[in-house]
>>> print(open('coords.cif').read())   # mmCIF, C-alpha atoms
data_query
loop_
_atom_site.label_atom_id
_atom_site.label_comp_id
_atom_site.auth_asym_id
_atom_site.auth_seq_id
_atom_site.Cartn_x
_atom_site.Cartn_y
_atom_site.Cartn_z
CA MET P 11 88.11 48.68 134.89
CA GLY P 12 84.98 48.89 132.81
CA SER P 13 83.17 47.21 129.98
CA LEU P 14 84.95 47.68 126.70
CA GLU P 15 82.30 49.18 124.47
CA VAL P 16 84.12 51.28 121.89
CA GLU P 17 85.01 49.67 118.56
CA ARG P 18 88.70 49.98 117.92
CA THR P 19 90.79 49.66 114.79
CA THR P 20 94.24 48.16 114.49
CA THR P 21 96.76 47.41 111.77
CA GLY P 22 97.96 43.89 111.08
CA TRP P 23 99.69 42.09 108.25
CA ALA P 24 97.21 40.09 106.18
CA ALA P 25 97.22 37.66 103.29
CA ARG P 26 94.78 38.73 100.55
CA ASP P 27 94.81 35.48 98.56
CA SER P 28 96.40 32.04 98.34
CA SER P 29 99.76 33.50 97.33
CA GLY P 30 100.14 33.87 101.09
CA ILE P 31 101.92 37.20 100.75
CA LEU P 32 101.26 39.45 103.75
CA SER P 33 100.95 43.23 103.69
CA PRO P 34 99.56 45.92 106.03
CA TYR P 35 95.81 45.79 106.63
CA THR P 36 93.78 48.06 108.88
CA TYR P 37 90.58 46.60 110.32
CA THR P 38 88.07 46.96 113.12
CA LEU P 39 88.47 44.72 116.15
CA ARG P 40 85.43 42.68 117.10
CA ASN P 41 82.80 43.97 119.48
CA THR P 42 83.99 43.67 123.06
CA GLY P 43 82.22 42.80 126.27
CA PRO P 44 82.58 42.62 130.04
CA GLU P 45 84.70 39.42 130.00
CA ASP P 46 87.08 40.64 127.32
CA VAL P 47 90.71 41.65 127.57
CA TYR P 48 92.20 44.27 125.23
CA VAL P 49 95.81 43.36 124.51
CA LYS P 50 98.76 45.13 122.90
CA VAL P 51 100.68 42.47 120.95
CA LEU P 52 104.36 42.26 121.89
CA SER P 53 105.48 39.17 119.98
CA CYS P 54 103.98 36.35 117.95
CA GLY P 55 105.45 33.03 116.84
CA ILE P 56 105.16 31.67 113.30
CA CYS P 57 103.76 28.13 113.16
CA HIS P 58 103.74 25.77 110.18
CA SER P 59 99.92 25.81 110.30
CA ASP P 60 100.05 29.57 109.61
CA LEU P 61 101.72 28.67 106.33
CA HIS P 62 98.96 26.16 105.53
CA GLN P 63 96.29 28.75 106.26
CA VAL P 64 97.67 31.73 104.33
CA LYS P 65 98.23 29.52 101.26
CA ASN P 66 94.82 27.83 101.51
CA ASP P 67 96.44 24.40 101.61
CA LEU P 68 93.40 22.98 103.41
CA GLY P 69 90.89 24.68 101.12
CA ARG P 70 89.13 26.60 103.88
CA SER P 71 90.93 29.93 103.98
CA ASN P 72 89.07 33.25 104.05
CA TYR P 73 90.72 36.52 103.11
CA PRO P 74 91.89 39.04 104.16
CA MET P 75 93.56 36.89 106.83
CA VAL P 76 95.80 38.11 109.64
CA PRO P 77 97.57 34.95 110.89
CA GLY P 78 99.40 34.31 114.16
CA HIS P 79 98.28 32.19 117.12
CA GLU P 80 101.31 32.22 119.42
CA VAL P 81 100.62 35.67 120.82
CA VAL P 82 102.25 37.34 123.81
CA GLY P 83 101.00 40.78 124.75
CA GLU P 84 100.41 43.34 127.47
CA VAL P 85 96.93 43.97 128.90
CA LEU P 86 95.81 47.51 128.07
CA GLU P 87 92.27 47.31 129.42
CA VAL P 88 89.92 44.75 130.95
CA GLY P 89 86.14 44.38 130.96
CA SER P 90 84.06 44.84 134.09
CA ASP P 91 83.71 41.09 134.74
CA VAL P 92 87.35 40.19 134.16
CA THR P 93 88.81 38.66 137.33
CA LYS P 94 91.96 36.86 136.11
CA PHE P 95 93.92 39.80 134.70
CA ARG P 96 94.75 43.42 135.30
CA VAL P 97 96.22 46.23 133.24
CA GLY P 98 99.95 45.70 132.69
CA ASP P 99 99.91 41.90 132.92
CA VAL P 100 101.88 40.03 130.27
CA VAL P 101 99.57 37.41 128.81
CA GLY P 102 99.33 34.82 126.08
CA VAL P 103 96.64 33.98 123.51
CA GLY P 104 96.83 30.74 121.54
CA LEU P 105 94.95 28.98 118.78
CA LEU P 106 91.43 29.28 120.20
CA VAL P 107 89.32 32.27 121.26
CA GLY P 108 85.92 30.68 121.79
CA CYS P 109 83.92 27.51 122.49
CA CYS P 110 80.31 26.55 123.30
CA ARG P 111 81.03 25.96 127.03
CA SER P 112 78.22 23.42 127.30
CA CYS P 113 79.39 20.24 125.51
CA ASN P 114 81.25 17.40 127.20
CA PRO P 115 84.72 18.52 126.00
CA CYS P 116 84.06 22.04 127.30
CA LYS P 117 82.82 20.75 130.66
CA THR P 118 85.88 18.50 131.12
CA ASP P 119 88.63 21.03 130.32
CA ASN P 120 89.04 19.73 126.79
CA GLU P 121 87.62 22.76 125.03
CA GLN P 122 90.09 22.38 122.15
CA TYR P 123 87.89 19.46 121.01
CA CYS P 124 84.63 21.43 121.12
CA ASN P 125 82.82 21.14 117.79
CA LYS P 126 81.93 24.82 117.99
CA LYS P 127 85.38 26.10 118.89
CA ILE P 128 86.37 29.44 117.43
CA TRP P 129 89.85 29.75 115.93
CA SER P 130 91.91 32.82 116.71
CA TYR P 131 91.94 33.66 112.99
CA ASN P 132 90.27 32.47 109.77
CA ASP P 133 87.02 32.01 111.66
CA THR P 134 83.95 34.00 112.67
CA TYR P 135 83.27 35.19 116.19
CA SER P 136 79.83 34.90 117.79
CA ASP P 137 79.01 38.49 116.77
CA GLY P 138 79.63 37.64 113.11
CA LYS P 139 82.93 39.51 112.81
CA PRO P 140 85.93 37.63 111.34
CA THR P 141 88.59 36.61 113.83
CA GLN P 142 92.10 37.89 113.12
CA GLY P 143 95.38 36.75 114.64
CA GLY P 144 98.47 38.07 116.33
CA PHE P 145 100.38 39.62 113.43
CA ALA P 146 98.76 42.87 114.51
CA GLY P 147 99.13 45.76 116.89
CA GLU P 148 96.27 44.79 119.20
CA LEU P 149 93.64 42.13 119.74
CA VAL P 150 90.63 41.41 121.93
CA ALA P 151 90.12 38.04 123.64
CA ASP P 152 87.77 36.49 126.15
CA GLN P 153 89.52 36.01 129.50
CA LYS P 154 88.88 32.23 129.33
CA PHE P 155 91.28 32.01 126.40
CA VAL P 156 93.99 34.20 127.88
CA VAL P 157 96.82 32.90 130.09
CA LYS P 158 99.26 34.71 132.35
CA ILE P 159 102.86 34.48 131.20
CA PRO P 160 105.00 33.54 134.24
CA ASP P 161 107.07 36.35 135.72
CA GLY P 162 110.58 36.41 134.34
CA MET P 163 109.78 34.52 131.13
CA ALA P 164 110.90 36.49 128.07
CA TRP P 165 108.10 37.46 125.67
CA GLU P 166 109.75 36.00 122.61
CA GLN P 167 110.53 32.75 124.47
CA ALA P 168 106.97 32.37 125.71
CA ALA P 169 105.33 32.79 122.29
CA PRO P 170 106.17 29.35 120.77
CA LEU P 171 105.14 27.59 123.96
CA LEU P 172 101.52 28.64 123.36
CA CYS P 173 101.28 26.25 120.41
CA ALA P 174 104.44 24.17 119.96
CA GLY P 175 104.97 23.72 123.70
CA VAL P 176 101.44 22.74 124.71
CA THR P 177 101.01 20.60 121.58
CA VAL P 178 103.69 18.27 122.96
CA TYR P 179 102.86 18.66 126.65
CA SER P 180 99.19 17.76 126.24
CA PRO P 181 99.50 14.19 124.85
CA LEU P 182 102.37 13.31 127.16
CA ASN P 183 100.20 14.46 130.06
CA HIS P 184 96.92 12.93 128.82
CA PHE P 185 98.29 9.50 127.88
CA GLY P 186 100.24 9.09 131.12
CA LEU P 187 103.54 9.49 129.29
CA ASN P 188 104.85 12.02 131.81
CA LEU P 189 106.57 9.41 133.97
CA SER P 190 110.33 9.35 134.35
CA GLY P 191 112.24 6.52 132.67
CA LEU P 192 110.20 6.20 129.46
CA ARG P 193 111.83 5.96 126.05
CA GLY P 194 110.35 8.28 123.48
CA GLY P 195 110.89 9.18 119.86
CA ILE P 196 110.45 12.57 118.21
CA LEU P 197 109.84 12.32 114.47
CA GLY P 198 110.82 15.60 112.83
CA LEU P 199 113.02 18.23 114.43
CA GLY P 200 111.16 21.46 113.71
CA GLY P 201 109.28 23.94 115.87
CA VAL P 202 107.13 21.33 117.62
CA GLY P 203 109.78 18.61 117.47
CA HIS P 204 112.52 20.58 119.22
CA MET P 205 110.11 21.47 122.03
CA GLY P 206 109.17 17.79 122.18
CA VAL P 207 112.76 16.86 122.88
CA LYS P 208 113.12 19.51 125.55
CA ILE P 209 109.86 18.74 127.36
CA ALA P 210 110.33 14.95 127.20
CA LYS P 211 113.88 15.27 128.53
CA ALA P 212 112.62 17.48 131.37
CA MET P 213 110.13 14.71 132.23
CA GLY P 214 113.03 12.28 132.58
CA HIS P 215 112.70 10.43 129.28
CA HIS P 216 115.37 8.90 127.07
CA VAL P 217 114.72 10.69 123.77
CA THR P 218 115.57 9.61 120.23
CA VAL P 219 115.17 12.06 117.36
CA ILE P 220 114.12 10.33 114.14
CA SER P 221 114.84 12.07 110.86
CA SER P 222 115.05 11.24 107.15
CA SER P 223 118.74 12.21 106.96
CA ASP P 224 121.66 12.87 109.30
CA ARG P 225 121.65 16.60 108.47
CA LYS P 226 120.30 17.56 111.90
CA LYS P 227 122.22 14.97 113.92
CA GLU P 228 124.69 17.38 115.52
CA GLU P 229 121.95 19.88 116.32
CA ALA P 230 119.70 17.22 117.86
CA LEU P 231 122.38 15.73 120.07
CA GLU P 232 124.51 18.73 120.99
CA HIS P 233 122.14 21.70 120.91
CA VAL P 234 118.63 20.40 121.55
CA GLY P 235 119.64 17.66 124.01
CA ALA P 236 118.46 14.37 122.47
CA ASP P 237 120.06 11.12 123.65
CA GLU P 238 120.11 9.37 120.29
CA PHE P 239 119.61 10.15 116.60
CA LEU P 240 118.08 7.66 114.19
CA VAL P 241 118.04 8.04 110.39
CA SER P 242 114.84 6.46 109.10
CA SER P 243 116.45 5.51 105.76
CA ASP P 244 119.14 3.45 107.51
CA ALA P 245 117.49 0.02 107.41
CA THR P 246 120.09 -1.60 109.68
CA LYS P 247 119.78 0.98 112.43
CA MET P 248 115.98 0.99 112.17
CA GLN P 249 115.97 -2.78 112.60
CA GLU P 250 118.24 -2.51 115.63
CA ALA P 251 115.85 0.03 117.16
CA ALA P 252 112.73 -2.14 116.67
CA ASP P 253 110.48 -2.56 119.73
CA SER P 254 112.44 0.01 121.71
CA LEU P 255 110.15 3.03 122.18
CA ASP P 256 107.15 3.66 124.43
CA TYR P 257 105.85 6.43 122.17
CA ILE P 258 106.65 8.47 119.08
CA ILE P 259 105.53 12.05 118.63
CA ASP P 260 105.09 12.42 114.86
CA THR P 261 105.36 16.10 113.91
CA VAL P 262 105.83 15.60 110.15
CA PRO P 263 103.32 17.84 108.27
CA VAL P 264 103.46 16.01 104.90
CA VAL P 265 102.40 12.55 103.70
CA HIS P 266 104.80 9.87 104.93
CA PRO P 267 104.72 6.11 105.62
CA LEU P 268 103.75 5.04 109.14
CA GLU P 269 104.94 1.43 109.11
CA PRO P 270 108.66 2.13 109.63
CA TYR P 271 107.84 4.02 112.80
CA LEU P 272 105.22 1.58 114.09
CA SER P 273 107.97 -1.06 114.04
CA LEU P 274 109.96 0.99 116.56
CA LEU P 275 107.22 0.83 119.19
CA ARG P 276 107.11 -1.60 122.07
CA LEU P 277 104.00 -3.50 123.15
CA ASP P 278 101.22 -0.95 123.77
CA GLY P 279 103.34 1.80 122.24
CA LYS P 280 101.69 4.92 120.87
CA LEU P 281 102.28 6.77 117.60
CA ILE P 282 100.89 10.25 118.22
CA LEU P 283 100.15 12.25 115.06
CA MET P 284 100.54 16.02 115.21
CA GLY P 285 101.28 17.15 111.67
CA VAL P 286 98.37 18.69 109.75
CA ILE P 287 98.15 16.54 106.60
CA GLY P 288 95.38 16.89 104.04
CA ALA P 289 95.77 13.45 102.46
CA PRO P 290 95.31 9.86 103.73
CA LEU P 291 98.09 8.01 105.53
CA GLN P 292 98.44 4.24 105.13
CA PHE P 293 99.54 1.23 107.16
CA VAL P 294 98.79 -2.51 107.23
CA SER P 295 96.73 -3.62 110.21
CA PRO P 296 99.13 -6.35 111.49
CA MET P 297 101.64 -3.60 112.25
CA VAL P 298 99.21 -2.39 114.90
CA MET P 299 97.61 -5.69 115.92
CA LEU P 300 100.85 -7.59 116.61
CA GLY P 301 101.88 -5.37 119.47
CA ARG P 302 98.59 -3.81 120.53
CA LYS P 303 99.93 -0.52 119.26
CA THR P 304 97.94 2.68 118.99
CA ILE P 305 97.86 5.31 116.27
CA THR P 306 96.30 8.39 117.77
CA GLY P 307 96.33 12.13 117.44
CA SER P 308 96.39 15.17 119.66
CA PHE P 309 95.48 18.78 119.05
CA VAL P 310 97.20 21.63 120.93
CA GLY P 311 96.01 21.56 124.55
CA SER P 312 93.39 22.93 126.90
CA MET P 313 93.70 26.27 128.66
CA LYS P 314 94.34 24.35 131.89
CA GLU P 315 97.15 22.39 130.25
CA THR P 316 98.58 25.59 128.75
CA GLU P 317 98.84 27.12 132.21
CA GLU P 318 100.41 23.92 133.58
CA MET P 319 102.86 23.76 130.68
CA LEU P 320 104.00 27.36 131.17
CA GLU P 321 104.68 26.71 134.86
CA PHE P 322 106.46 23.44 133.99
CA CYS P 323 108.71 25.24 131.48
CA LYS P 324 109.47 27.97 134.01
CA GLU P 325 110.25 25.45 136.75
CA LYS P 326 112.52 23.40 134.46
CA GLY P 327 114.11 26.45 132.83
CA LEU P 328 113.02 25.37 129.35
CA THR P 329 113.34 27.75 126.43
CA SER P 330 112.55 27.63 122.73
CA MET P 331 115.28 27.94 120.12
CA ILE P 332 114.11 30.92 118.09
CA GLU P 333 115.00 33.48 115.47
CA VAL P 334 113.45 36.89 116.16
CA VAL P 335 112.42 38.95 113.12
CA LYS P 336 110.55 42.17 112.39
CA MET P 337 107.20 42.22 110.65
CA ASP P 338 108.69 43.49 107.38
CA TYR P 339 110.65 40.22 107.19
CA VAL P 340 107.58 38.01 107.66
CA ASN P 341 107.16 37.04 103.99
CA THR P 342 110.79 35.96 103.81
CA ALA P 343 110.28 34.05 107.05
CA PHE P 344 107.35 32.17 105.51
CA GLU P 345 109.49 31.31 102.47
CA ARG P 346 112.24 30.00 104.71
CA LEU P 347 109.78 28.08 106.88
CA GLU P 348 108.44 26.34 103.80
CA LYS P 349 112.02 25.15 103.12
CA ASN P 350 112.54 24.19 106.80
CA ASP P 351 115.21 26.88 106.97
CA VAL P 352 114.71 27.95 110.59
CA ARG P 353 116.13 26.79 113.92
CA TYR P 354 113.52 26.20 115.17
CA ARG P 355 110.83 28.85 115.40
CA PHE P 356 110.47 32.32 113.96
CA VAL P 357 109.07 34.87 116.40
CA VAL P 358 107.94 38.26 115.16
CA ASP P 359 108.88 41.23 117.35
CA VAL P 360 105.52 42.91 116.76
CA ALA P 361 105.94 45.72 119.29
CA GLY P 362 109.30 46.64 117.77
CA SER P 363 108.01 46.63 114.19
CA ASN P 364 106.56 49.37 112.02
CA LEU P 365 103.25 47.77 111.07
CA ASN P 366 102.27 50.39 108.52
CA PRO P 367 105.46 51.45 106.68
#
>>> encode(input="coords.cif", output="C-alpha cells")
Amino acid sequence: MGSLEVERTTTGWAARDSSGILSPYTYTLRNTGPEDVYVKVLSCGICHSDLHQVKNDLGRSNYPMVPGHEVVGEVLEVGSDVTKFRVGDVVGVGLLVGCCRSCNPCKTDNEQYCNKKIWSYNDTYSDGKPTQGGFAGELVADQKFVVKIPDGMAWEQAAPLLCAGVTVYSPLNHFGLNLSGLRGGILGLGGVGHMGVKIAKAMGHHVTVISSSDRKKEEALEHVGADEFLVSSDATKMQEAADSLDYIIDTVPVVHPLEPYLSLLRLDGKLILMGVIGAPLQFVSPMVMLGRKTITGSFVGSMKETEEMLEFCKEKGLTSMIEVVKMDYVNTAFERLEKNDVRYRFVVDVAGSNLNP
C-alpha cells in the first residue's frame, strides 16, 4: 500500500464530436491521492445515457469523451488511506466519482442528489482534469465511490447492476415499495426495464410489463418473468387495467404521454420517471388529483443502496440478460442500441479487447 503519486496514462475509446463515433484515445489519468483506488477495467456495460452523452443530445457534452459508467474491474493498487479494498479485489464503479460531502444529501446517504456531484465522465474532477469513463484500460476512483462485487458474481453480470440495477432498486426501496404483494408496472422493456421486472418479482410483486406493441410479449412473460403484458395502444385492455397498479416504473427515454399510465394507478399510486428526456412531458391535473397520485422521479442510487442491491441480487440469484461484445464492436453496439436492438444490455469485455488496434 502507498499513496498513488505517479501520473499514469491509459487508452480508452472516445467520441471526438457529436457523431458519437468512438475510436482509440490515449490520455493521462487524473492525479491520485491517498484515498484513491487504481483499477484495471474488466468489463463495462453500455447504458442508453451513454448514447445521449456521446451524441450531445442534452447539449452539454465535452470532447474527447470516454463513456461508460457500469464498470467492473480489479484493484491494482490502493492509496495509503484506503481501508475498504485491497489489491486483487473485484470492484465496481458507477455513475458518480465525487460529491461535496457536506450538504444534506451527502450527509444522509443520498449523495447522488448532491448539487456538486462529479460524473464519472463528461465532467471535471476537483483537480481540474476531465473525468473519463470505463471504456478504457484503467481508471482511478475515490474509495467512497467504489463497491465490492460479491464473490461468485460474474464480472459481465455485475456491470449492468451498477446503473440499471440500482436505478430500479433505489425508488422501490425509498418509497416503501419493497413489500411483498404489491402490483407494479414496468413501462419499457429495455436495460433498466428488464432489471425492474426481475428485482420487483424478487421482492414478491405481481409485475405487468407495459409496451407500445406486443412485439416483446413472449420475451416479457417467458424469458424475463413478468406476470402480465399490457399493450398501451389496446384501449380495451388499458381500460380493464385501470386502477390496478400500486406503482409504475417509467423507463421510456423519449417524449410520451403520461395520462394513459396515470389511469392505471390505484389511489396513492406512483408514476416514477427514469428516462432521461430533454423535452417537457404533459398531463392534465385531474388525472393526478382524482386519486392522490404522484408523478416523481428517481436517479440511480446511493453507494449504500448500490451495496445493498448487489447483495440482494446475489441472495436472490438475479442476473442481467446481456450480450457481451469486444471494444471494436462498440460503435455497432451503439447503433443497435439506438434501434432498441439488444436483449437487454450490451456489456463490453474490456479486458479481452485490443484497445489500440
>>> atom_distance(input="coords.cif", atom1="CA of Ser28 in chain P", atom2="CA of Asp67 in chain P")
8.3 Å
>>> resolve_selection(input="coords.cif", expression="the PyMOL selection byres ((chain P and resi 142) around 6)", output="PyMOL selection string")
chain P and resi 76+131+141+143
>>> residues_around(input="coords.cif", residues="range 258-271 of chain P", least_positions_apart="4", cutoff="7 Å", atoms="all atoms listed in the file", output="PyMOL selection string")
chain P and resi 194-198+202-203+280-287+289+291-293+297
>>> resolve_selection(input="coords.cif", expression="the PyMOL selection byres ((chain P and resi 322-331) around 8)", output="list of chain:residue names")
P:Pro160, P:Met163, P:Gln167, P:Ala168, P:Pro170, P:Leu171, P:His204, P:Met205, P:Lys208, P:Ile209, P:Ala212, P:Glu318, P:Met319, P:Leu320, P:Glu321, P:Ile332, P:Glu333, P:Arg353, P:Tyr354, P:Arg355
>>> residues_around(input="coords.cif", residues="range 178-190 of chain P", least_positions_apart="5", cutoff="7 Å", atoms="only C-alpha atoms", output="list in words")
Gly206, Met213, Gly214, His215, Ser308, Val310, Gly311, Glu315 and Met319 of chain P
>>> atom_distance(input="coords.cif", atom1="CA of Lys50 in chain P", atom2="CA of Ser363 in chain P")
12.8 Å
>>> resolve_selection(input="coords.cif", expression="the PyMOL selection byres ((chain P and resi 279) around 10)", output="list in words")
Gly194, Asp253, Ser254, Leu255, Asp256, Tyr257, Ile258, Leu272, Ser273, Leu274, Leu275, Arg276, Leu277, Asp278, Lys280, Leu281, Ile282, Val298, Gly301, Arg302, Lys303, Thr304 and Ile305 of chain P
>>> atom_distance(input="coords.cif", atom1="CA of Gly98 in chain P", atom2="CA of His79 in chain P")
20.7 Å
>>> closest_residue(input="coords.cif", among="P:Glu121, P:Glu232, P:Glu84, P:Glu148", to="Gly102 in chain P", atoms="all atoms listed in the file")
P:Glu84
>>> residues_around(input="coords.cif", residues="range 155-157 of chain P", least_positions_apart="5", cutoff="10 Å", atoms="all atoms listed in the file", output="list in words")
Asp46, Val47, Val49, Val81, Val82, Lys94, Phe95, Asp99, Val100, Val101, Gly102, Val103, Gly104, Leu105, Leu106, Val107, Gly108, Cys109, Ser130, Val150, Leu172, Ser312, Met313, Lys314, Thr316, Glu317 and Leu320 of chain P
>>> closest_residue(input="coords.cif", among="P:Leu347, P:Ala146, P:Leu240, P:Val85", to="Pro34 in chain P", atoms="only C-alpha atoms")
P:Ala146
>>> closest_residue(input="coords.cif", among="P:Phe239, P:Tyr135, P:Trp23, P:Tyr123", to="Gly147 in chain P", atoms="all atoms listed in the file")
P:Trp23
>>> closest_residue(input="coords.cif", among="P:Phe145, P:Ser90, P:Lys211, P:Thr306", to="Gly22 in chain P", atoms="only C-alpha atoms")
P:Phe145
>>> axis_aligned_box(input="coords.cif", around="range 99-103 of chain P", padding_each_side="6 Å", output="lines of an AutoDock Vina configuration file")
center_x = 99.3
center_y = 37.9
center_z = 128.2
size_x = 17.2
size_y = 19.9
size_z = 21.4
>>> residues_near_point(input="coords.cif", point="(106.4, 42.1, 121.8)", cutoff="8 Å", atoms="only C-alpha atoms", output="VMD selection string")
chain P and resid 51 to 54 82 to 83 165 to 166 358 to 362
>>> write_last_selection(input="coords.cif", atoms="C-alpha atoms", output="PDB file, in the frame of the given file")
ATOM      1  CA  VAL P  51     100.680  42.470 120.950  1.00  0.00           C
ATOM      2  CA  LEU P  52     104.360  42.260 121.890  1.00  0.00           C
ATOM      3  CA  SER P  53     105.480  39.170 119.980  1.00  0.00           C
ATOM      4  CA  CYS P  54     103.980  36.350 117.950  1.00  0.00           C
ATOM      5  CA  VAL P  82     102.250  37.340 123.810  1.00  0.00           C
ATOM      6  CA  GLY P  83     101.000  40.780 124.750  1.00  0.00           C
ATOM      7  CA  TRP P 165     108.100  37.460 125.670  1.00  0.00           C
ATOM      8  CA  GLU P 166     109.750  36.000 122.610  1.00  0.00           C
ATOM      9  CA  VAL P 358     107.940  38.260 115.160  1.00  0.00           C
ATOM     10  CA  ASP P 359     108.880  41.230 117.350  1.00  0.00           C
ATOM     11  CA  VAL P 360     105.520  42.910 116.760  1.00  0.00           C
ATOM     12  CA  ALA P 361     105.940  45.720 119.290  1.00  0.00           C
ATOM     13  CA  GLY P 362     109.300  46.640 117.770  1.00  0.00           C
TER      14      GLY P 362
END
>>> build_atoms(input="coords.cif", residues="range 64-80 of chain P", atoms="N, CA and C atoms", output="PDB file, keeping the file's coordinate frame")
ATOM      1  N   VAL P  64      97.546  30.587 105.250  1.00  0.00           N
ATOM      2  CA  VAL P  64      97.670  31.730 104.330  1.00  0.00           C
ATOM      3  C   VAL P  64      97.701  31.269 102.874  1.00  0.00           C
ATOM      4  N   LYS P  65      98.153  30.039 102.636  1.00  0.00           N
ATOM      5  CA  LYS P  65      98.230  29.520 101.260  1.00  0.00           C
ATOM      6  C   LYS P  65      97.020  28.668 100.881  1.00  0.00           C
ATOM      7  N   ASN P  66      96.053  28.589 101.775  1.00  0.00           N
ATOM      8  CA  ASN P  66      94.820  27.830 101.510  1.00  0.00           C
ATOM      9  C   ASN P  66      95.103  26.366 101.200  1.00  0.00           C
ATOM     10  N   ASP P  67      96.094  25.790 101.855  1.00  0.00           N
ATOM     11  CA  ASP P  67      96.440  24.400 101.610  1.00  0.00           C
ATOM     12  C   ASP P  67      95.319  23.437 101.993  1.00  0.00           C
ATOM     13  N   LEU P  68      94.486  23.841 102.944  1.00  0.00           N
ATOM     14  CA  LEU P  68      93.400  22.980 103.410  1.00  0.00           C
ATOM     15  C   LEU P  68      92.072  23.324 102.752  1.00  0.00           C
ATOM     16  N   GLY P  69      92.086  24.338 101.886  1.00  0.00           N
ATOM     17  CA  GLY P  69      90.890  24.680 101.120  1.00  0.00           C
ATOM     18  C   GLY P  69      89.808  25.400 101.894  1.00  0.00           C
ATOM     19  N   ARG P  70      90.152  25.942 103.055  1.00  0.00           N
ATOM     20  CA  ARG P  70      89.130  26.600 103.880  1.00  0.00           C
ATOM     21  C   ARG P  70      89.534  28.008 104.305  1.00  0.00           C
ATOM     22  N   SER P  71      90.427  28.615 103.580  1.00  0.00           N
ATOM     23  CA  SER P  71      90.930  29.930 103.980  1.00  0.00           C
ATOM     24  C   SER P  71      89.994  31.046 103.510  1.00  0.00           C
ATOM     25  N   ASN P  72      89.852  32.056 104.363  1.00  0.00           N
ATOM     26  CA  ASN P  72      89.070  33.250 104.050  1.00  0.00           C
ATOM     27  C   ASN P  72      89.990  34.464 104.139  1.00  0.00           C
ATOM     28  N   TYR P  73      89.852  35.354 103.191  1.00  0.00           N
ATOM     29  CA  TYR P  73      90.720  36.520 103.110  1.00  0.00           C
ATOM     30  C   TYR P  73      89.902  37.800 103.199  1.00  0.00           C
ATOM     31  N   PRO P  74      90.518  38.907 103.649  1.00  0.00           N
ATOM     32  CA  PRO P  74      91.890  39.040 104.160  1.00  0.00           C
ATOM     33  C   PRO P  74      92.069  38.258 105.474  1.00  0.00           C
ATOM     34  N   MET P  75      93.256  37.708 105.667  1.00  0.00           N
ATOM     35  CA  MET P  75      93.560  36.890 106.830  1.00  0.00           C
ATOM     36  C   MET P  75      94.825  37.377 107.526  1.00  0.00           C
ATOM     37  N   VAL P  76      94.665  37.754 108.791  1.00  0.00           N
ATOM     38  CA  VAL P  76      95.800  38.110 109.640  1.00  0.00           C
ATOM     39  C   VAL P  76      96.138  36.862 110.460  1.00  0.00           C
ATOM     40  N   PRO P  77      97.250  36.175 110.154  1.00  0.00           N
ATOM     41  CA  PRO P  77      97.570  34.950 110.890  1.00  0.00           C
ATOM     42  C   PRO P  77      98.221  35.246 112.237  1.00  0.00           C
ATOM     43  N   GLY P  78      98.686  34.172 112.888  1.00  0.00           N
ATOM     44  CA  GLY P  78      99.400  34.310 114.160  1.00  0.00           C
ATOM     45  C   GLY P  78      98.580  33.830 115.337  1.00  0.00           C
ATOM     46  N   HIS P  79      99.023  32.724 115.972  1.00  0.00           N
ATOM     47  CA  HIS P  79      98.280  32.190 117.120  1.00  0.00           C
ATOM     48  C   HIS P  79      99.216  31.813 118.278  1.00  0.00           C
ATOM     49  N   GLU P  80     100.400  32.378 118.280  1.00  0.00           N
ATOM     50  CA  GLU P  80     101.310  32.220 119.420  1.00  0.00           C
ATOM     51  C   GLU P  80     101.615  33.639 119.914  1.00  0.00           C
TER      52      GLU P  80
END
